Amino acid sequence: MPSGPPPATAGRAVARHGWAQALGTVLAGLVAMGAVAALGLWAAGAADLPDDTFPRVVAATVVTAVGGALEMSGDAGELAATDAGLTVMPLSVTLTGALVIARGFLRPLRHRAVAGVRELAGWAARIAVLWLAALLGTAFAARQTFEVSLGEGLLNDLGDLFGVSPTVGFTTDVPLTVLFGLLWLAGVLVLALLVSQRAPLPGRLLRLRTSVRPAAYAMVALLLAYVAVGVVVALVVAGTRGSPADTFAVLLLGLPNLAWPALTIGLGATWNGRVEGPFGLPMPRVLDEVLRTPDVSTVNVGTLAERDGRMWWLLVAAAALVLAAGFLLASRSPARMPAWLHAVHMAVALALTVLMIGLVGRISAHYGLSVLGIGDLGGGLSGQLFLRPRLWGAVGLALLWGLVAGFLGALLARRVLGGRSGRVRS
């Protein structure tokens, strides 16, 4: 008797992840990202932008959330010049889209131990084709031009005299947006397969269940734990310090942009940055104070604690949560795995996680305007903001923390869980 499923059953299995399901997954991800972006921008006051600009700004936010590239442009006539640039990923929007799309991708694959490479590739390809179409539509919608007020004073007088009406706008670099948007989708789908215990893998990759999945799951749990802590802190700030709209704008647009660098700072990493002009960081206030200096600032536990002694809790939080991630990794690994191997897996996983945070968490923005070579003149019309890590130092520290936390987590799992799971040998 043949061992495979009957044709009808096989047909139903394919239908469970056909084009309709792929369309639902893509639309759900896009709608969720758009909703979070719209609410965050509304809280930030972007709904008051003129000329029905708000939907285009929402589209631009979604584009940047998946790694897309925006090109800033300016026009101030022959006698003036503008210069602007923006590099940032609104990671709250990014995380929302990743979670929704990953869930839609995994849903038809539940309750199965093995899936063929061809089946998984076909299912992912359907999502990718529809995602590409949605990405192109969003990219072409993300373009707008704004008029810039010259304020008061000499710069305004020069503008009136020479008829200067400066504008600044943004357009999408469509080829780069498509490239990075598809790479983002591929990363989400691969990570979803690696993290989910119930997702099937091809037979040749089943060894990843014991070597990669526990570490991937622990790192995702660590990142989500930091986001959860950030939500609690944001709600406390909104309720006690006033300006709840600003706090909710940060929460809905860029909470991981603050929470995940806080993880690296708690591990001892250093970031460099500066805030000048009208730009600012609404939360936490201590970070804005550290960055708003004449020269490039150093951001680490020490410099933050000089302004607010409570920043030493970043070190405590990192130690507790990274150790918990090491315990989680060990508890989901085979009982026969030795403690030193847990430590190696944890070190590599945490180093890759910190590397990812360093790449996606950096921020850069600048804007400048000059008339007849005269710029700003106290009108608050120019400024810059940047924040970037000392990346390889942070990765090295993550390796050390991972080795220690992985080994201690394995020993803790052996003591707590005994022979049920996570039993290790030192």
# chains A, B, ... in the order shown; residues from 1 in each chain; ligands from 1
call {"tool": "select_by_dssp", "arguments": {"residues": "range 274-331 of chain A", "states": "strand (DSSP E)", "output": "ChimeraX atom specification"}}
result
/A:274-276,297-299
call {"tool": "closest_residue", "arguments": {"among": "A:Pro284, A:Ala347, A:Leu222, A:Ala38", "to": "Ala238 in chain A", "atoms": "only C-alpha atoms"}}
result
A:Pro284
call {"tool": "atom_distance", "arguments": {"atom1": "CA of Leu352 in chain A", "atom2": "CA of Ala398 in chain A"}}
result
8.6 Å
call {"tool": "residues_around", "arguments": {"residues": "Leu258 in chain A", "least_positions_apart": "5", "cutoff": "12 Å", "atoms": "only C-alpha atoms", "output": "PyMOL selection string"}}
result
chain A and resi 89-92+223+226-227+229-231+233-234+250-253+263-265+281-285+287-288+357-358+360-363+387
call {"tool": "closest_residue", "arguments": {"among": "A:Val296, A:Leu41, A:Leu314, A:Ala249", "to": "Thr53 in chain A", "atoms": "only C-alpha atoms"}}
result
A:Leu41
call {"tool": "closest_residue", "arguments": {"among": "A:His342, A:Pro256, A:Arg118, A:Leu106", "to": "Leu194 in chain A", "atoms": "only C-alpha atoms"}}
result
A:Leu106
call {"tool": "select_by_dssp", "arguments": {"residues": "range 77-139 of chain A", "states": "helix (DSSP H, G or I)", "output": "PyMOL selection string"}}
result
chain A and resi 91-109+117-139
call {"tool": "write_last_selection", "arguments": {"atoms": "C-alpha atoms", "output": "PDB file, in the first residue's frame"}}
result
ATOM      1  CA  LEU A  91      10.923  49.867  14.607  1.00  0.00           C
ATOM      2  CA  SER A  92       7.524  49.758  16.310  1.00  0.00           C
ATOM      3  CA  VAL A  93       5.991  49.641  12.830  1.00  0.00           C
ATOM      4  CA  THR A  94       8.644  47.165  11.691  1.00  0.00           C
ATOM      5  CA  LEU A  95       7.997  44.831  14.619  1.00  0.00           C
ATOM      6  CA  THR A  96       4.228  44.953  14.113  1.00  0.00           C
ATOM      7  CA  GLY A  97       4.512  43.991  10.457  1.00  0.00           C
ATOM      8  CA  ALA A  98       7.016  41.233  11.199  1.00  0.00           C
ATOM      9  CA  LEU A  99       4.805  39.631  13.859  1.00  0.00           C
ATOM     10  CA  VAL A 100       1.641  39.748  11.726  1.00  0.00           C
ATOM     11  CA  ILE A 101       3.284  38.436   8.548  1.00  0.00           C
ATOM     12  CA  ALA A 102       5.168  35.720  10.447  1.00  0.00           C
ATOM     13  CA  ARG A 103       1.919  34.533  12.021  1.00  0.00           C
ATOM     14  CA  GLY A 104       0.178  34.454   8.645  1.00  0.00           C
ATOM     15  CA  PHE A 105       3.097  32.559   7.111  1.00  0.00           C
ATOM     16  CA  LEU A 106       3.190  29.914   9.856  1.00  0.00           C
ATOM     17  CA  ARG A 107      -0.543  29.424  10.306  1.00  0.00           C
ATOM     18  CA  PRO A 108      -1.098  26.949   7.423  1.00  0.00           C
ATOM     19  CA  LEU A 109       2.022  24.984   8.411  1.00  0.00           C
ATOM     20  CA  VAL A 117      11.670  22.502   0.319  1.00  0.00           C
ATOM     21  CA  ARG A 118       9.492  22.869  -2.756  1.00  0.00           C
ATOM     22  CA  GLU A 119       6.340  23.346  -0.689  1.00  0.00           C
ATOM     23  CA  LEU A 120       7.897  25.942   1.622  1.00  0.00           C
ATOM     24  CA  ALA A 121       9.497  27.795  -1.298  1.00  0.00           C
ATOM     25  CA  GLY A 122       6.199  27.895  -3.179  1.00  0.00           C
ATOM     26  CA  TRP A 123       4.302  29.231  -0.165  1.00  0.00           C
ATOM     27  CA  ALA A 124       6.966  31.867   0.502  1.00  0.00           C
ATOM     28  CA  ALA A 125       7.062  32.820  -3.193  1.00  0.00           C
ATOM     29  CA  ARG A 126       3.307  33.508  -3.259  1.00  0.00           C
ATOM     30  CA  ILE A 127       3.684  35.866  -0.311  1.00  0.00           C
ATOM     31  CA  ALA A 128       6.753  37.495  -1.890  1.00  0.00           C
ATOM     32  CA  VAL A 129       4.999  38.191  -5.216  1.00  0.00           C
ATOM     33  CA  LEU A 130       2.042  39.865  -3.511  1.00  0.00           C
ATOM     34  CA  TRP A 131       4.329  41.670  -1.076  1.00  0.00           C
ATOM     35  CA  LEU A 132       6.285  43.049  -4.038  1.00  0.00           C
ATOM     36  CA  ALA A 133       3.085  44.451  -5.566  1.00  0.00           C
ATOM     37  CA  ALA A 134       2.061  46.013  -2.241  1.00  0.00           C
ATOM     38  CA  LEU A 135       5.551  47.417  -1.758  1.00  0.00           C
ATOM     39  CA  LEU A 136       5.553  49.063  -5.189  1.00  0.00           C
ATOM     40  CA  GLY A 137       2.157  50.654  -4.568  1.00  0.00           C
ATOM     41  CA  THR A 138       3.232  51.976  -1.184  1.00  0.00           C
ATOM     42  CA  ALA A 139       6.543  53.260  -2.545  1.00  0.00           C
TER      43      ALA A 139
END
